[in-house]
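Engineer: Here it is, the structure in full.
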Amino acid sequence: MSRFLFCLFLLFPVLATASNPLLRATSFTLDNGLTVVLYPDHRAQQVHTELWYRVGALDETLGKGGLAHAFEHLMFRGTKRWPGDGYTRQVRALGGSTNAWTSADFTWYVNTVPSRSLDAVLEMEADRMRNLTIDEKTMRTELQVILEERRMRIDNNAQQLAIEQLQHKMYGKHRWADGVIGSEADLQGLTIGDFRGFYDRWYHPNNATLVIAGDVDPATVKASIQRYFGAIKATTLAQREPLPQPIAEVDRKQVLKASAPNSMVMLSWRLPAELPGTDRAALRVLAEILNGGAREQGLRELSAGQWGHYSDLGRDVPVFTYGSQLRRGKKWSALQSDMLRQIRVYQGDSLYAEDVEIARKKLPVHKLFSYDGLNDAAAELGLYASLGRSVADEVAALQQLSEVSRADVIRVAEHYLTDDTLAVVVVDAQSMDN
Amino acid sequence: MRFAIWMVATLLALPALAVPPIEHWKTPRGSDVYFVPRSEVPLIDISIDVDAGEARADEPGVAMLAMHALLNKMPERIGEKQPWQTIIESGNLYNTRIDADRAQMTIRLDRSAGLESLLAKEIGDQLARPVYPEELLRYTRRWLAQQMPEKVENAPTSARLQATAMANHPYRLAAMATHDSVDDLSNMQLRRFHKRYYTPANLSISIVGDIPRERAVSIAETLTAYLPDGPAAQPLPAVAPAKIDAPRQMKAISRGPQKAIVLGVPLAPSQSIDDTAALLLGNYMLGGSSFNSRLFKTIRAEDGLSYYARSQLDQMRSGGLLMLTAATKSERREELQKRLNEEFNRFWQQAPSAAEFAEMREQYLLQMSQWGATNSELLTLVADVAFHKRPLDYYSQLEQSMAKLDAAKLHAVWQRYIQPDQLVVIAEE
């Protein structure tokens with residue numbers, strides 16, 4: 001071991017639980033059920049707000065794919081108070097920026113404005129929680145925009161297209177087979193009635209979490225939140241439909257020939273819905289080990305870059321993913337074989353203890369770095385609150401990473417990364433000149 | 001007199017900038033150092049910026065590979081880590097970015113790890129004497145070659161546009177590297193390039209974060225202590241749009257159902273900060289401000305033609321490039337190109353109304369008041385001051401220039417810098 005590396009291990013601290021900046025956050029709930037999370041950060045005279053609704057693509061019905069995301073677009077298309085593009089225009093006039101995101105589980109609306117304009121955006125955000133106006137012409141125009149978004153994100157993207165096709169195989173005739181954005185056919189078939197029904201069903205204070213991060217004084221902002229959101233009535237929320245189970249008997253392998261710079265292989269394992277905390281931590285470490293690059297020489301010769309991903313922050317069952325891009329001039333079948341061999345290495349004694357050590361050190365530091373941006377800190381707080389998880393528990397889970405052992409990683413690789421839950425997506429790149 | 005009073009009132013009403021004061025000094029070897037202490041989060045961000053972009057490259061790709069492989073070091077002992085491994089395996093971040101103008105290395109460190117002095121020594125040694133050992137270079141070279149197109153015609157559309165619009169300028173070289181040109185680069189070519197451009201006068205250090213000035217001084221000295229002697233590189237020639245008879249239109253291949261249209265025009269370097277303010281605000285109004293820009297409102301919100309419709313103004317040391325981009329399905333691409341052309345021409349031909357101008361300038365000034373809110377944003381701003389050799393109060397001056405603008409002045413500057421007969425169009429088919 002070099003002198004340099006020795007110093008590194010000596011000096012490197014584990015991000016202590018007590019020092020995690022997210023623990024500065026405080027929260028409370030209004031009488032109408034709106035959850036509020038406040039996160040002070042006074043580096044600049046700026047605030048970032050996020051309003052999270054607990055509704056996403058998983059709450060759509062068959063034939064209405066993309067409704068949650070399309071509705072998110074319409075939330076920028078006017079209320080009686082702020083008609084047309086009044087919302088975005090006013091946020092900009094305040095010197096701010098605005099955007100929104102939709103996932104399988106949630107839809108969230110974000111604004112970043114000078115702190116002196118916080119009240120103004122809170123008032124506008126409260127206004128569109130219940131006072132949206134939706135007209136046929138605007139809806140049709142926006143659906144054209146969404147179809148272009150679909151072409152950009154999915155149809156022009158070989159990797160995303162392959163994943164979508166795999167989902168079709170795994171879920172069959174179920175809404176979830178089309179992912180968040182929905183199919184062109186479903187999007188074309190959406191009606192004004194669908195949007196109005198969706199709004200009435202899900203957009204209520206007792207289905208939402210408001211996060212305010214930045215130059216905010218928790219003692220004074222409560223009155224503003226109460227003033228703008230307090231009068232909105234709660235409602236009885238609809239029952240959510242149970243999630244589909246993947247179809248077990250299909251061939252879970254999809255090879256898509258597509259115009260792309262590189263071929264790609266993606267291995268994906270579906271995991272049990274409930275996992276012990278130690279296993280969750282070990283799976284995160286395993287994903288980070290894969291992010292660190294290929295260890296085996298053969299795999300290094302075939303791979304132009306690889307990644308691992310594990311997440312259990314959602315209602316769908318957790319998935320562990322291992323992907324790799326193929327070097328040009330090599331065969332994807334060889335890459336797939338070597339990737340599976342790499343996983344078998346991690347299921348045995350050939351896993352390097354140093355790789356585990358490095359991965360478990362990297363994860364907390366990356367988290368710390370992400371808190372430089374108010375948006376990242378706010379999004380994490382919004383996600384935890386929307387999932388009903390406490391910040392303290394999640395910070396403790398982060399701390400748990402430092403206790404993951406080499407044996408833990410081997411155990412979860414053996415236990416969860418098995419052939420019977422594996423799905424494979426391959427993008428077989430075709431030359432741009434053909 | 002009324003005008004003078006109005007001006008004073010406007011200037012006094014400007015919101016406070018978020019960019020804190022920037023400190024500046026030179027290292028004993030003559031490199032410029034820019035520093036902003038910021039202690040709210042336990043981070044240290046460092047940017048090393050070198051006047052060694054692809055426009056300086058004799059062989060396509062040499063500037064990129066010289067920077068990407070800079071931290072490759074022949075191990076002195078078995079098991080010794082590479083400097084870049086030491087950074088990233090401790091969770092800290094290390095990135096390199098090379099464009100036509102500049103080669104940049106950024107490092108983000110967890111302050112509590114106390115690694116900055118050790119890393120400065122390691123990186124300083126490599127900055128001064130990279131050997132580019134062949135045993136390691138072949139991995140980096142192969143990795144970089146994989147990122148390159150097989151041939152120049154397959155480069156990303158925006159890169160092709162830059163190469164075409166800058167056809168008479170070294171900035172075109174930024175889009176010339178291919179898989180084979182990178183794969184052919186040798187150790188000697190890299191060392192030659194490094195010796196010529198990685199000199200103290202050609203390199204600046206920017207530091208933002210949770211350290212006192214004395215530590216910043218020490219880090220900067222360590223980073224630059226052994227740089228090879230040599231003069232600063234001669235400035236590149238200014239971008240000087242050449243007269244041509246007709247707009248240039250080119251095709252690009254896209255297999256997907258959505259086709260992108262990219263319009264671009266080269267710009268001469270800005271002659272003053274007032275001109276820069278006008279160009280920045282003009283781009284903001286045309287397509288640089290997302291939801292409120294003209295391109296967004298017409299092409300997306302009214303026509304539903306494209307998910308994105310934006311303009312981008314790249315201002316480099318010796319000139320710039322204005323690009324307009326949007327994408328739509330095959331059947332509507334002609335309509336989209338027509339709309340992009342219309343908006344480009346409308347903005348060039350007619351000055352914005354006083355009301356539109358006032359609204360957008362107010363927005364811009366309010367947004368400026370939040371620039372540098374995060375440490376990473378602040379580092380970008382400071383590194384730009386460093387690389388472009390701007391005054392320390394540059395952002396304050398820019399704000400003042402913005403406040404003095406009016407619609408007629410903006411339009412006059414726009415017409416002076418943007419030459420419609422220089423327009424290049426690349427349409428995917």
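Letters for chains follow the order of the structure tokens (A, B, ...), residue numbers begin at 1 for each chain, and ligand numbers begin at 1 in the order shown.
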With a distance threshold of 6 Å and counting only C-alpha atoms, extract the residues of chain B near chain A and express them as a PyMOL selection string.
Structural biologist: chain B and resi 18+80+89-91+113+256+258+304+306-307+363+366-367+373-374
Engineer: Any chance you can output those residues with all heavy atoms as an mmCIF file, in the first residue's frame?
Structural biologist:
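As a result, result.cif now contains:
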```cif
data_model
loop_
_atom_site.group_PDB
_atom_site.id
_atom_site.type_symbol
_atom_site.label_atom_id
_atom_site.label_comp_id
_atom_site.auth_asym_id
_atom_site.auth_seq_id
_atom_site.Cartn_x
_atom_site.Cartn_y
_atom_site.Cartn_z
ATOM 1 N N ALA B 18 -25.390 37.996 -5.825
ATOM 2 C CA ALA B 18 -25.030 36.909 -4.911
ATOM 3 C C ALA B 18 -23.551 36.562 -5.014
ATOM 4 O O ALA B 18 -23.012 35.895 -4.147
ATOM 5 C CB ALA B 18 -25.865 35.675 -5.228
ATOM 6 N N GLU B 80 0.678 1.089 -6.152
ATOM 7 C CA GLU B 80 0.482 2.529 -5.957
ATOM 8 C C GLU B 80 -0.664 3.027 -6.824
ATOM 9 O O GLU B 80 -0.774 2.671 -7.985
ATOM 10 C CB GLU B 80 1.751 3.303 -6.322
ATOM 11 C CG GLU B 80 1.615 4.778 -6.029
ATOM 12 C CD GLU B 80 2.861 5.581 -6.416
ATOM 13 O OE1 GLU B 80 3.679 5.070 -7.189
ATOM 14 O OE2 GLU B 80 2.997 6.705 -5.926
ATOM 15 N N GLU B 89 -11.621 7.526 -5.590
ATOM 16 C CA GLU B 89 -11.888 6.399 -4.699
ATOM 17 C C GLU B 89 -12.135 6.847 -3.265
ATOM 18 O O GLU B 89 -12.577 6.060 -2.433
ATOM 19 C CB GLU B 89 -10.742 5.385 -4.768
ATOM 20 C CG GLU B 89 -10.718 4.655 -6.108
ATOM 21 C CD GLU B 89 -9.657 3.585 -6.209
ATOM 22 O OE1 GLU B 89 -8.882 3.428 -5.236
ATOM 23 O OE2 GLU B 89 -9.593 2.913 -7.251
ATOM 24 N N SER B 90 -11.862 8.102 -2.981
ATOM 25 C CA SER B 90 -12.208 8.624 -1.652
ATOM 26 C C SER B 90 -13.563 9.338 -1.703
ATOM 27 O O SER B 90 -13.970 9.964 -0.734
ATOM 28 C CB SER B 90 -11.122 9.591 -1.172
ATOM 29 O OG SER B 90 -10.893 10.587 -2.143
ATOM 30 N N GLY B 91 -14.234 9.238 -2.850
ATOM 31 C CA GLY B 91 -15.558 9.861 -2.978
ATOM 32 C C GLY B 91 -15.496 11.268 -3.526
ATOM 33 O O GLY B 91 -16.517 11.857 -3.864
ATOM 34 N N ALA B 113 -12.014 15.828 4.971
ATOM 35 C CA ALA B 113 -11.028 14.770 4.735
ATOM 36 C C ALA B 113 -9.594 15.299 4.825
ATOM 37 O O ALA B 113 -8.660 14.522 5.001
ATOM 38 C CB ALA B 113 -11.259 14.141 3.371
ATOM 39 N N GLY B 256 -34.028 8.112 -36.073
ATOM 40 C CA GLY B 256 -35.227 8.165 -35.246
ATOM 41 C C GLY B 256 -36.350 8.927 -35.926
ATOM 42 O O GLY B 256 -36.133 9.617 -36.935
ATOM 43 N N GLN B 258 -37.853 11.521 -34.824
ATOM 44 C CA GLN B 258 -37.793 12.959 -34.571
ATOM 45 C C GLN B 258 -36.533 13.540 -35.211
ATOM 46 O O GLN B 258 -35.450 12.966 -35.104
ATOM 47 C CB GLN B 258 -37.759 13.234 -33.072
ATOM 48 C CG GLN B 258 -37.903 14.707 -32.732
ATOM 49 C CD GLN B 258 -37.907 14.936 -31.234
ATOM 50 O OE1 GLN B 258 -36.916 14.687 -30.555
ATOM 51 N NE2 GLN B 258 -39.023 15.394 -30.709
ATOM 52 N N GLY B 304 -47.171 23.819 -30.715
ATOM 53 C CA GLY B 304 -46.986 22.426 -30.312
ATOM 54 C C GLY B 304 -46.019 21.688 -31.227
ATOM 55 O O GLY B 304 -46.100 20.473 -31.388
ATOM 56 N N SER B 306 -42.565 21.442 -31.051
ATOM 57 C CA SER B 306 -41.341 20.855 -30.513
ATOM 58 C C SER B 306 -41.411 20.843 -28.992
ATOM 59 O O SER B 306 -42.048 21.705 -28.384
ATOM 60 C CB SER B 306 -40.134 21.693 -30.962
ATOM 61 O OG SER B 306 -38.932 21.120 -30.506
ATOM 62 N N TYR B 307 -40.758 19.840 -28.386
ATOM 63 C CA TYR B 307 -40.697 19.825 -26.924
ATOM 64 C C TYR B 307 -39.726 20.898 -26.427
ATOM 65 O O TYR B 307 -39.976 21.567 -25.440
ATOM 66 C CB TYR B 307 -40.239 18.450 -26.438
ATOM 67 C CG TYR B 307 -40.049 18.370 -24.947
ATOM 68 C CD1 TYR B 307 -41.139 18.505 -24.089
ATOM 69 C CD2 TYR B 307 -38.790 18.184 -24.396
ATOM 70 C CE1 TYR B 307 -40.981 18.445 -22.722
ATOM 71 C CE2 TYR B 307 -38.624 18.117 -23.027
ATOM 72 C CZ TYR B 307 -39.717 18.251 -22.197
ATOM 73 O OH TYR B 307 -39.553 18.198 -20.836
ATOM 74 N N GLN B 363 -36.296 40.615 -15.587
ATOM 75 C CA GLN B 363 -36.109 39.196 -15.237
ATOM 76 C C GLN B 363 -34.631 38.839 -15.194
ATOM 77 O O GLN B 363 -34.167 38.143 -14.293
ATOM 78 C CB GLN B 363 -36.779 38.308 -16.285
ATOM 79 C CG GLN B 363 -38.279 38.295 -16.231
ATOM 80 C CD GLN B 363 -38.843 37.459 -17.369
ATOM 81 O OE1 GLN B 363 -38.199 36.559 -17.890
ATOM 82 N NE2 GLN B 363 -40.067 37.767 -17.754
ATOM 83 N N LEU B 366 -32.941 40.191 -12.134
ATOM 84 C CA LEU B 366 -33.311 39.439 -10.934
ATOM 85 C C LEU B 366 -32.619 38.079 -10.903
ATOM 86 O O LEU B 366 -32.216 37.592 -9.849
ATOM 87 C CB LEU B 366 -34.834 39.265 -10.869
ATOM 88 C CG LEU B 366 -35.614 40.505 -10.432
ATOM 89 C CD1 LEU B 366 -37.101 40.352 -10.731
ATOM 90 C CD2 LEU B 366 -35.414 40.758 -8.937
ATOM 91 N N GLN B 367 -32.478 37.477 -12.072
ATOM 92 C CA GLN B 367 -31.772 36.187 -12.114
ATOM 93 C C GLN B 367 -30.289 36.383 -11.806
ATOM 94 O O GLN B 367 -29.685 35.560 -11.114
ATOM 95 C CB GLN B 367 -31.953 35.552 -13.477
ATOM 96 C CG GLN B 367 -33.423 35.227 -13.761
ATOM 97 C CD GLN B 367 -33.651 33.853 -14.320
ATOM 98 O OE1 GLN B 367 -32.862 33.365 -15.089
ATOM 99 N NE2 GLN B 367 -34.747 33.232 -13.928
ATOM 100 N N ALA B 373 -25.378 31.046 -6.404
ATOM 101 C CA ALA B 373 -26.024 30.629 -5.155
ATOM 102 C C ALA B 373 -25.404 29.345 -4.608
ATOM 103 O O ALA B 373 -25.268 29.178 -3.402
ATOM 104 C CB ALA B 373 -27.520 30.449 -5.382
ATOM 105 N N THR B 374 -25.017 28.432 -5.490
ATOM 106 C CA THR B 374 -24.358 27.208 -5.012
ATOM 107 C C THR B 374 -22.856 27.336 -5.249
ATOM 108 O O THR B 374 -22.401 28.145 -6.055
ATOM 109 C CB THR B 374 -24.864 25.963 -5.765
ATOM 110 O OG1 THR B 374 -24.460 26.065 -7.136
ATOM 111 C CG2 THR B 374 -26.381 25.861 -5.700
#
```
Engineer: For Pro130 (chain B), which residue among B:Ile46, B:Ala386, B:Leu185, B:Leu190 is the nearest when counting only C-alpha atoms?
Structural biologist: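 Using only C-alpha atoms, Pro130 (chain B) sits closest to B:Leu190.
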Engineer: Quick one: residues within 10 Å of Ala407 (chain A), only C-alpha atoms counted, chain neighbours fewer than 5 positions away excluded, as a VMD selection string?
Structural biologist: chain A and resid 282 347 to 349 351 353 356 412 to 413
Engineer: Okay, now the selection with C-alpha atoms, as a JSON list (two decimals), in the first residue's frame?
Structural biologist:
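Saved result, selection_8.json, follows:
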```json
[["chain", "number", "residue", "atom", "x", "y", "z"],
["A", 282, "ALA", "CA", -25.22, -3.97, 0.81],
["A", 347, "GLN", "CA", -21.09, -14.07, -5.51],
["A", 348, "GLY", "CA", -17.89, -15.80, -4.45],
["A", 349, "ASP", "CA", -14.61, -15.32, -2.73],
["A", 351, "LEU", "CA", -14.68, -10.09, -4.50],
["A", 353, "ALA", "CA", -12.25, -6.30, 0.07],
["A", 356, "VAL", "CA", -16.10, -2.82, -0.84],
["A", 412, "VAL", "CA", -26.86, -10.18, -1.34],
["A", 413, "ALA", "CA", -25.29, -10.92, -4.72]]
```
Engineer: Can you work out which one of B:Lys121, B:Lys73, B:Arg339, B:Arg192 has the shortest atom-to-atom distance to Pro133 (chain B), counting only C-alpha atoms?
Structural biologist: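 Closest to Pro133 (chain B) of all the choices is B:Lys73.
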Engineer: So that I can check the secondary structure, give me every residue of region 158-242 of chain A assigned strand (DSSP E) by backbone DSSP, as a ChimeraX atom specification.
Structural biologist: /A:208-214
Engineer: Let me see the file: selected residues, N, CA and C atoms, as a compact mmCIF listing (two decimals), in the first residue's frame.
Structural biologist:
```
# COMPACT_ATOMS: atom_id res chain seq x y z
N ALA A 208 -50.39 15.89 -0.54
CA ALA A 208 -49.25 16.70 -1.01
C ALA A 208 -48.26 17.01 0.11
N THR A 209 -47.03 17.29 -0.31
CA THR A 209 -45.96 17.73 0.60
C THR A 209 -45.31 18.97 0.01
N LEU A 210 -45.22 20.02 0.81
CA LEU A 210 -44.56 21.25 0.37
C LEU A 210 -43.17 21.32 1.02
N VAL A 211 -42.14 21.47 0.21
CA VAL A 211 -40.78 21.63 0.73
C VAL A 211 -40.30 23.04 0.36
N ILE A 212 -39.75 23.74 1.33
CA ILE A 212 -39.16 25.06 1.06
C ILE A 212 -37.72 25.01 1.57
N ALA A 213 -36.79 25.20 0.63
CA ALA A 213 -35.36 25.16 0.97
C ALA A 213 -34.72 26.50 0.63
N GLY A 214 -33.74 26.89 1.42
CA GLY A 214 -33.00 28.11 1.10
C GLY A 214 -33.11 29.16 2.17
```
Engineer: Excluding Ala407 (chain B) and any residue of its chain fewer than 6 positions from it, enumerate the residues within 7 Å of it, using only C-alpha atoms, and give them as a VMD selection string.
Structural biologist: chain B and resid 351 to 354 357
Engineer: Within 9 Å of Trp52 (chain A), counting only C-alpha atoms, which residues show up once you throw out same-chain ones fewer than 4 positions away? Write them as number ranges by chain, please.
Structural biologist: A: 106-110, 207-211, 379, 382-383, 386
Engineer: For Asp135 (chain A), which residue among A:Gly65, A:Gly193, A:Gly230, A:Gly179 is the nearest when counting only C-alpha atoms?
Structural biologist: A:Gly193
Engineer: Just the number, please: distance in Å from CA of Val239 (chain B) to CA of Gly319 (chain B), one decimal.
Structural biologist: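 About the pair CA of Val239 (chain B) and CA of Gly319 (chain B): they are 5.0 Å apart.
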Engineer: For each of B:Leu281, B:Leu267, B:Ile299, B:Leu321, take the minimum atom-to-atom distance to Ile418 (chain B), counting only C-alpha atoms, then give the residue where this is smallest.
Structural biologist: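 Checking each candidate against Ile418 (chain B), we get B:Leu267 as the closest.
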Engineer: Would you mind listing what lies within 7 Å of Ser254 (chain B) as a ChimeraX atom specification, with only C-alpha atoms counted and same-chain residues fewer than 3 positions away left out?
Structural biologist: /B:259,428-429
Engineer: Just the selected residues (C-alpha atoms), exported as a PDB file, in the first residue's frame, please.
Structural biologist:
```pdb
ATOM      1  CA  LYS B 259     -35.579  15.290 -36.605  1.00  0.00           C
ATOM      2  CA  GLU B 428     -31.672  16.066 -39.820  1.00  0.00           C
ATOM      3  CA  GLU B 429     -33.296  13.741 -42.291  1.00  0.00           C
TER       4      GLU B 429
END
```
Engineer: Pull the alpha helix (DSSP H) assignments for region 253-301 of chain B out of DSSP run on the backbone, and list those residues as a ChimeraX atom specification.
Structural biologist: /B:273-283,294-295
Engineer: Taking 5 positions as the minimum chain separation for residues in the same chain, which residues sit within 10 Å of Lys151 (chain B) when counting only C-alpha atoms? Answer as a PyMOL selection string.
Structural biologist: chain B and resi 176-181
Engineer: Quick one: of B:Leu17, B:Leu365, B:Ile261, B:Leu313, who's nearest to Arg333 (chain B), counting only C-alpha atoms?
Structural biologist: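 Closest to Arg333 (chain B) of all the choices is B:Ile261.
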Engineer: Kindly give the distance, in Å, that separates CA of Val50 (chain B) and CA of Asp125 (chain B), rounded to a single decimal.
Structural biologist: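 Distance between the two atoms: 15.9 Å.
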Engineer: Go through A:Ala223, A:Val426, A:Leu290, A:Ile134 and flag the residue nearest Gln160 (chain A), using only C-alpha atoms for the distances.
Structural biologist: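 Of A:Ala223, A:Val426, A:Leu290, A:Ile134, the one nearest Gln160 (chain A) is A:Val426, counting only C-alpha atoms.
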